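S.K.: This is coords-v7.cif, which holds mmCIF, C-alpha atoms and all ligand atoms:
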data_final
loop_
_atom_site.group_PDB
_atom_site.id
_atom_site.type_symbol
_atom_site.label_atom_id
_atom_site.label_comp_id
_atom_site.auth_asym_id
_atom_site.auth_seq_id
_atom_site.Cartn_x
_atom_site.Cartn_y
_atom_site.Cartn_z
ATOM 1 C CA MET R 1 -12.951 13.268 -16.606
ATOM 2 C CA THR R 2 -15.323 11.764 -14.023
ATOM 3 C CA ASP R 3 -14.372 11.318 -10.383
ATOM 4 C CA PRO R 4 -11.776 8.601 -9.809
ATOM 5 C CA ALA R 5 -12.431 5.577 -7.606
ATOM 6 C CA ARG R 6 -11.688 6.146 -3.914
ATOM 7 C CA MET R 7 -12.147 2.549 -2.750
ATOM 8 C CA VAL R 8 -11.073 -0.842 -4.062
ATOM 9 C CA ARG R 9 -13.887 -3.267 -4.776
ATOM 10 C CA MET R 10 -12.728 -6.888 -4.640
ATOM 11 C CA VAL R 11 -14.585 -9.006 -7.171
ATOM 12 C CA GLY R 12 -13.097 -12.343 -6.147
ATOM 13 C CA ASN R 13 -10.166 -14.510 -7.087
ATOM 14 C CA ALA R 14 -9.499 -16.012 -10.485
ATOM 15 C CA GLU R 15 -7.103 -18.660 -11.658
ATOM 16 C CA TYR R 16 -5.908 -16.793 -14.723
ATOM 17 C CA ARG R 17 -5.436 -13.208 -15.701
ATOM 18 C CA ASP R 18 -8.072 -13.125 -18.474
ATOM 19 C CA GLN R 19 -10.702 -14.499 -16.076
ATOM 20 C CA ALA R 20 -9.705 -11.880 -13.535
ATOM 21 C CA GLU R 21 -9.909 -9.123 -16.126
ATOM 22 C CA ALA R 22 -13.344 -10.252 -17.314
ATOM 23 C CA ALA R 23 -14.726 -9.778 -13.782
ATOM 24 C CA LEU R 24 -13.810 -6.071 -13.673
ATOM 25 C CA LEU R 25 -16.762 -3.781 -14.351
ATOM 26 C CA ALA R 26 -15.922 -0.369 -12.903
ATOM 27 C CA PRO R 27 -12.821 1.698 -12.058
ATOM 28 C CA GLY R 28 -11.211 0.345 -8.873
ATOM 29 C CA ASP R 29 -12.643 -3.159 -9.350
ATOM 30 C CA THR R 30 -9.933 -5.625 -8.379
ATOM 31 C CA SER R 31 -9.390 -9.347 -8.714
ATOM 32 C CA MET R 32 -6.581 -11.497 -7.406
ATOM 33 C CA VAL R 33 -5.000 -14.095 -9.657
ATOM 34 C CA PHE R 34 -4.481 -17.029 -7.319
ATOM 35 C CA ARG R 35 -3.016 -20.288 -8.557
ATOM 36 C CA VAL R 36 -1.610 -22.293 -5.637
ATOM 37 C CA ARG R 37 -0.407 -18.940 -4.298
ATOM 38 C CA PRO R 38 -1.165 -15.273 -4.991
ATOM 39 C CA ARG R 39 0.259 -14.332 -8.410
ATOM 40 C CA SER R 40 -0.986 -10.842 -9.156
ATOM 41 C CA ILE R 41 -3.616 -8.217 -8.577
ATOM 42 C CA VAL R 42 -5.582 -7.191 -11.664
ATOM 43 C CA MET R 43 -7.305 -3.816 -11.284
ATOM 44 C CA ALA R 44 -9.446 -1.663 -13.531
ATOM 45 C CA CYS R 45 -7.389 1.551 -13.434
ATOM 46 C CA PRO R 46 -9.115 3.615 -10.720
ATOM 47 C CA ASP R 47 -8.833 6.853 -12.694
ATOM 48 C CA GLY R 48 -11.383 5.518 -15.176
ATOM 49 C CA CYS R 49 -9.056 5.526 -18.201
ATOM 50 C CA GLY R 50 -10.210 2.010 -19.091
ATOM 51 C CA GLU R 51 -6.811 0.343 -18.819
ATOM 52 C CA THR R 52 -6.156 -2.712 -16.664
ATOM 53 C CA LEU R 53 -3.284 -2.647 -14.189
ATOM 54 C CA VAL R 54 -1.432 -5.838 -13.313
ATOM 55 C CA ILE R 55 0.427 -5.722 -10.009
ATOM 56 C CA ASN R 56 2.830 -8.582 -9.404
ATOM 57 C CA LEU R 57 2.610 -10.363 -6.039
ATOM 58 C CA ASP R 58 4.913 -13.282 -6.814
ATOM 59 C CA ASN R 59 8.309 -12.488 -5.363
ATOM 60 C CA ARG R 60 9.908 -15.334 -7.299
ATOM 61 C CA ALA R 61 9.397 -13.280 -10.459
ATOM 62 C CA ASP R 62 10.338 -9.646 -10.956
ATOM 63 C CA LYS R 63 9.582 -6.862 -8.489
ATOM 64 C CA ALA R 64 6.736 -7.891 -6.209
ATOM 65 C CA TRP R 65 4.373 -5.812 -4.085
ATOM 66 C CA ARG R 66 3.526 -6.731 -0.519
ATOM 67 C CA PHE R 67 -0.148 -7.329 -0.121
ATOM 68 C CA ASP R 68 -2.329 -7.808 2.907
ATOM 69 C CA MET R 69 -6.053 -8.370 3.367
ATOM 70 C CA ARG R 70 -6.119 -7.412 7.050
ATOM 71 C CA GLY R 71 -8.761 -5.013 8.241
ATOM 72 C CA GLU R 72 -11.250 -3.413 5.911
ATOM 73 C CA GLY R 73 -9.745 -4.483 2.597
ATOM 74 C CA LEU R 74 -6.732 -4.765 0.351
ATOM 75 C CA THR R 75 -3.412 -3.144 1.204
ATOM 76 C CA LEU R 76 -0.517 -2.955 -1.252
ATOM 77 C CA PHE R 77 2.995 -1.712 -0.592
ATOM 78 C CA PRO R 78 4.657 0.255 -2.112
ATOM 79 C CA SER R 79 2.404 2.630 -4.047
ATOM 80 C CA VAL R 80 1.202 1.730 -7.533
ATOM 81 C CA TRP R 81 2.641 3.957 -10.231
ATOM 82 C CA ARG R 82 1.833 3.575 -13.883
ATOM 83 C CA GLU R 83 4.754 5.060 -15.750
ATOM 84 C CA GLY R 84 3.135 5.123 -19.169
ATOM 85 C CA GLY R 85 -0.337 6.015 -20.334
ATOM 86 C CA CYS R 86 -2.463 7.787 -17.736
ATOM 87 C CA GLU R 87 0.440 7.795 -15.193
ATOM 88 C CA SER R 88 -1.901 6.937 -12.321
ATOM 89 C CA HIS R 89 -0.076 6.972 -8.992
ATOM 90 C CA PHE R 90 -1.876 5.883 -5.836
ATOM 91 C CA ILE R 91 -1.658 4.023 -2.531
ATOM 92 C CA VAL R 92 -3.953 1.089 -1.735
ATOM 93 C CA TRP R 93 -4.442 0.977 2.033
ATOM 94 C CA ARG R 94 -7.149 -1.056 3.805
ATOM 95 C CA GLY R 95 -9.319 -0.828 0.719
ATOM 96 C CA HIS R 96 -8.892 2.941 0.364
ATOM 97 C CA ILE R 97 -7.329 4.417 -2.758
ATOM 98 C CA LEU R 98 -5.199 7.421 -1.851
ATOM 99 C CA TRP R 99 -4.163 9.416 -4.875
ATOM 100 C CA CYS R 100 -0.727 10.942 -5.271
ATOM 101 C CA ASP R 101 -0.002 13.911 -7.563
ATOM 102 C CA ARG R 102 -3.643 14.393 -8.638
ATOM 103 C CA PHE R 103 -7.161 13.962 -7.181
ATOM 104 C CA GLU R 104 -5.512 14.320 -3.750
ATOM 105 C CA GLU R 105 -8.114 16.746 -2.399
ATOM 106 C CA GLY R 106 -10.663 13.911 -2.162
ATOM 107 C CA ASN R 107 -8.343 11.448 -0.378
ATOM 108 C CA SER R 108 -9.698 9.789 2.749
ATOM 109 C CA GLU R 109 -7.300 7.711 4.879
ATOM 110 C CA PRO R 110 -8.372 4.647 6.853
ATOM 111 C CA VAL R 111 -9.383 5.365 10.456
ATOM 112 C CA TYR R 112 -6.402 5.969 12.717
ATOM 113 C CA ASN R 113 -5.845 3.534 15.562
ATOM 114 C CA PRO R 114 -3.532 5.213 18.118
ATOM 115 C CA GLU R 115 -2.967 1.894 19.905
ATOM 116 C CA ILE R 116 -0.370 1.055 17.285
ATOM 117 C CA GLU R 117 1.890 3.837 18.597
ATOM 118 C CA ASP R 118 3.036 1.789 21.627
ATOM 119 C CA ALA R 119 4.066 -1.084 19.377
ATOM 120 C CA VAL R 120 5.895 1.252 17.013
ATOM 121 C CA MET R 121 7.676 2.879 19.966
ATOM 122 C CA SER R 122 8.769 -0.544 21.197
ATOM 123 C CA ALA R 123 10.259 -1.312 17.782
ATOM 124 C CA LEU R 124 12.092 2.009 17.480
ATOM 125 C CA HIS R 125 15.768 1.856 18.302
ATOM 126 C CA GLU R 126 17.712 4.652 19.979
ATOM 127 C CA ILE R 127 20.653 4.554 17.587
ATOM 128 C CA GLN R 128 19.938 2.218 14.694
ATOM 129 C CA PRO R 129 17.528 3.882 12.243
ATOM 130 C CA ARG R 130 14.753 1.651 10.940
ATOM 131 C CA SER R 131 12.486 2.118 7.952
ATOM 132 C CA ALA R 132 8.717 1.792 8.140
ATOM 133 C CA VAL R 133 9.064 -1.588 6.380
ATOM 134 C CA GLU R 134 11.502 -2.845 9.043
ATOM 135 C CA LEU R 135 9.305 -1.541 11.844
ATOM 136 C CA ALA R 136 6.214 -3.121 10.293
ATOM 137 C CA GLU R 137 7.970 -6.473 9.996
ATOM 138 C CA ALA R 138 9.133 -6.288 13.607
ATOM 139 C CA ILE R 139 5.617 -5.770 14.981
ATOM 140 C CA ASP R 140 3.605 -7.503 12.216
ATOM 141 C CA GLU R 141 1.579 -4.478 11.195
ATOM 142 C CA LEU R 142 0.841 -2.811 7.865
ATOM 143 C CA VAL R 143 3.619 -0.595 6.519
ATOM 144 C CA TRP R 144 1.250 2.308 5.816
ATOM 145 C CA ASP R 145 -0.169 2.116 9.364
ATOM 146 C CA VAL R 146 3.327 2.059 10.836
ATOM 147 C CA ASN R 147 4.456 4.917 8.619
ATOM 148 C CA ARG R 148 1.557 7.085 9.771
ATOM 149 C CA ALA R 149 2.056 6.203 13.452
ATOM 150 C CA ALA R 150 5.800 6.873 13.221
ATOM 151 C CA GLY R 151 5.035 10.238 11.650
ATOM 152 C CA ARG R 152 2.724 11.063 14.575
ATOM 153 C CA LEU R 153 5.438 10.053 17.052
ATOM 154 C CA VAL R 154 7.802 12.434 15.263
ATOM 155 C CA GLY R 155 5.145 15.142 15.573
ATOM 156 C CA GLN R 156 4.912 14.449 19.318
ATOM 157 C CA GLY R 157 8.691 14.710 19.721
ATOM 158 C CA LEU R 158 9.004 11.021 20.659
ATOM 159 C CA ALA R 159 10.832 9.996 17.480
ATOM 160 C CA ARG R 160 13.063 11.546 14.868
ATOM 161 C CA SER R 161 13.099 10.837 11.147
ATOM 162 C CA TRP R 162 15.179 11.709 8.145
ATOM 163 C CA LYS R 163 15.399 10.730 4.544
ATOM 164 C CA THR R 164 18.057 8.335 3.277
ATOM 165 C CA LYS R 165 18.705 6.966 -0.199
ATOM 166 C CA GLY R 166 16.374 4.076 0.622
ATOM 167 C CA GLY R 167 13.598 6.305 1.989
ATOM 168 C CA TRP R 168 12.564 7.622 5.398
ATOM 169 C CA VAL R 169 14.008 6.128 8.581
ATOM 170 C CA PHE R 170 13.045 6.556 12.226
ATOM 171 C CA VAL R 171 14.763 6.414 15.627
ATOM 172 C CA ARG R 172 13.625 7.159 19.149
ATOM 173 C CA ALA R 173 14.059 10.822 20.063
HETATM 174 ZN ZN ZN P 1 -5.589 5.057 -15.759
#
Please express the file's structure as structure tokens.
Ligand SMILES: [Zn+2]
M.R.:
Amino acid sequence: MTDPARMVRMVGNAEYRDQAEAALLAPGDTSMVFRVRPRSIVMACPDGCGETLVINLDNRADKAWRFDMRGEGLTLFPSVWREGGCESHFIVWRGHILWCDRFEEGNSEPVYNPEIEDAVMSALHEIQPRSAVELAEAIDELVWDVNRAAGRLVGQGLARSWKTKGGWVFVRA
């Protein structure tokens, strides 16, 4: 197999899914289906298997991903995981594709901005644990950015974290 895509390439919006799909030329190419509001992300599977992934953005229907176009490119939360077929599992973060389970050795995260740590600290509670999603909502930042910053704060002894049924949570140390 050839190297997988490491970056998302946005090829523009489309009104309908077949138009979006027709615009995809290479693995990682991505189009947004936008009809009055964002409906879905259509992506040529970045592992190069040739399949098209459809990621729902419409929270009135089914499970929806959070998406954000801030910074250098597309961000999706949570990770994208194809349960059948090629089983691709990856994170889309500021246009970067970060592979989980395979291809990980070539992953390259977006540049770290330590300024976010002060905001994350301000949103951390001393008793009430908060998830990265809750922290990100409180300070209007990207969940992946907040998750990384919170992890650094844990590493510096300024925060504590543990895993719950719903995922990792953080408090002030
Ligand atoms: Zn695939």
S.K.: Ligand ZN 1 (chain P): which residues are within 8 Å, counting all atoms listed in the file, as a short mmCIF file (atom, residue, chain, number, x, y, z; two decimals) with C-alpha atoms, keeping the file's coordinate frame?
M.R.:
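Contents of result.cif, as written:
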data_model
loop_
_atom_site.label_atom_id
_atom_site.label_comp_id
_atom_site.auth_asym_id
_atom_site.auth_seq_id
_atom_site.Cartn_x
_atom_site.Cartn_y
_atom_site.Cartn_z
CA CYS R 45 -7.39 1.55 -13.43
CA PRO R 46 -9.12 3.62 -10.72
CA ASP R 47 -8.83 6.85 -12.69
CA GLY R 48 -11.38 5.52 -15.18
CA CYS R 49 -9.06 5.53 -18.20
CA GLY R 50 -10.21 2.01 -19.09
CA GLU R 51 -6.81 0.34 -18.82
CA THR R 52 -6.16 -2.71 -16.66
CA ARG R 82 1.83 3.58 -13.88
CA GLY R 85 -0.34 6.02 -20.33
CA CYS R 86 -2.46 7.79 -17.74
CA GLU R 87 0.44 7.80 -15.19
CA SER R 88 -1.90 6.94 -12.32
#
S.K.: Which residues would end up in the selection if the PyMOL selection byres (((chain R and resi 125) around 12) and not hetatm) were applied here, given that I need the answer as a list in words?
M.R.: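 So the PyMOL selection byres (((chain R and resi 125) around 12) and not hetatm), applied here, picks out Val120, Met121, Ser122, Ala123, Leu124, Glu126, Ile127, Gln128, Pro129, Arg130, Ser131, Glu134, Leu135, Ala138, Leu158, Ala159, Arg160, Ser161, Val169, Phe170, Val171, Arg172 and Ala173 of chain R.
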S.K.: Pick out the closest residue to Glu109 of chain R from this set: R:Leu24, R:Val92, R:Leu53, R:Ala136. Count all atoms listed in the file.
M.R.: R:Val92
S.K.: Would you mind listing what lies within 12 Å of Arg60 of chain R as a count of residues only, with only C-alpha atoms counted and same-chain residues fewer than 6 positions away left out?
M.R.: 4
S.K.: Find the spatial neighbours of Phe103 of chain R, counting all atoms listed in the file, within a cut-off of 10 Å - ignore same-chain residues fewer than 3 positions away - and output them as a list in words.
M.R.: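 Surrounding residues, per the criterion: Asp3, Pro4, Ala5, Arg6, Asp47, Phe90, Leu98, Trp99, Cys100, Gly106 and Asn107 of chain R.
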S.K.: For the structure shown, which residues end up in the PyMOL selection byres (((chain R and resi 142) around 10) and not hetatm)? Put them as a PyMOL selection string, please?
M.R.: chain R and resi 66-71+75-77+93-94+132-133+135-137+139-141+143-147
S.K.: Write the selection just made, keeping C-alpha atoms, as a PDB file, keeping the file's coordinate frame?
M.R.:
ATOM      1  CA  ARG R  66       3.526  -6.731  -0.519  1.00  0.00           C
ATOM      2  CA  PHE R  67      -0.148  -7.329  -0.121  1.00  0.00           C
ATOM      3  CA  ASP R  68      -2.329  -7.808   2.907  1.00  0.00           C
ATOM      4  CA  MET R  69      -6.053  -8.370   3.367  1.00  0.00           C
ATOM      5  CA  ARG R  70      -6.119  -7.412   7.050  1.00  0.00           C
ATOM      6  CA  GLY R  71      -8.761  -5.013   8.241  1.00  0.00           C
ATOM      7  CA  THR R  75      -3.412  -3.144   1.204  1.00  0.00           C
ATOM      8  CA  LEU R  76      -0.517  -2.955  -1.252  1.00  0.00           C
ATOM      9  CA  PHE R  77       2.995  -1.712  -0.592  1.00  0.00           C
ATOM     10  CA  TRP R  93      -4.442   0.977   2.033  1.00  0.00           C
ATOM     11  CA  ARG R  94      -7.149  -1.056   3.805  1.00  0.00           C
ATOM     12  CA  ALA R 132       8.717   1.792   8.140  1.00  0.00           C
ATOM     13  CA  VAL R 133       9.064  -1.588   6.380  1.00  0.00           C
ATOM     14  CA  LEU R 135       9.305  -1.541  11.844  1.00  0.00           C
ATOM     15  CA  ALA R 136       6.214  -3.121  10.293  1.00  0.00           C
ATOM     16  CA  GLU R 137       7.970  -6.473   9.996  1.00  0.00           C
ATOM     17  CA  ILE R 139       5.617  -5.770  14.981  1.00  0.00           C
ATOM     18  CA  ASP R 140       3.605  -7.503  12.216  1.00  0.00           C
ATOM     19  CA  GLU R 141       1.579  -4.478  11.195  1.00  0.00           C
ATOM     20  CA  VAL R 143       3.619  -0.595   6.519  1.00  0.00           C
ATOM     21  CA  TRP R 144       1.250   2.308   5.816  1.00  0.00           C
ATOM     22  CA  ASP R 145      -0.169   2.116   9.364  1.00  0.00           C
ATOM     23  CA  VAL R 146       3.327   2.059  10.836  1.00  0.00           C
ATOM     24  CA  ASN R 147       4.456   4.917   8.619  1.00  0.00           C
TER      25      ASN R 147
END
S.K.: For Asn113 of chain R, find every residue with an atom within 10 Å (counting all atoms listed in the file), except residues of its own chain fewer than 3 positions away, and show them as a ChimeraX atom specification.
M.R.: /R:110,116-117,145,149
S.K.: Under the PyMOL selection byres (((chain R and resi 55) around 7) and not hetatm), which residues of this model are included? Write them out as a list of chain:residue names.
M.R.: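 Applied to this file, the PyMOL selection byres (((chain R and resi 55) around 7) and not hetatm) returns R:Ser40, R:Ile41, R:Val42, R:Leu53, R:Val54, R:Asn56, R:Leu57.
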S.K.: Using all atoms listed in the file, find the one residue out of R:Arg35, R:Tyr112, R:Ala44, R:Asn13 that sits nearest to Asp58 of chain R.
M.R.: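 Ranked by minimum distance to Asp58 of chain R, first place goes to R:Arg35.
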S.K.: What is the distance, in Å and to one decimal place, between atom CA of Val11 of chain R and atom CA of Arg148 of chain R?
M.R.: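 It comes out at 28.4 Å.
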S.K.: What separation in Å, quoted to one decimal, exists between atom CA of Ala26 of chain R and atom CA of His89 of chain R?
M.R.: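 So the two atoms, atom CA of Ala26 of chain R and atom CA of His89 of chain R, lie 17.9 Å apart.
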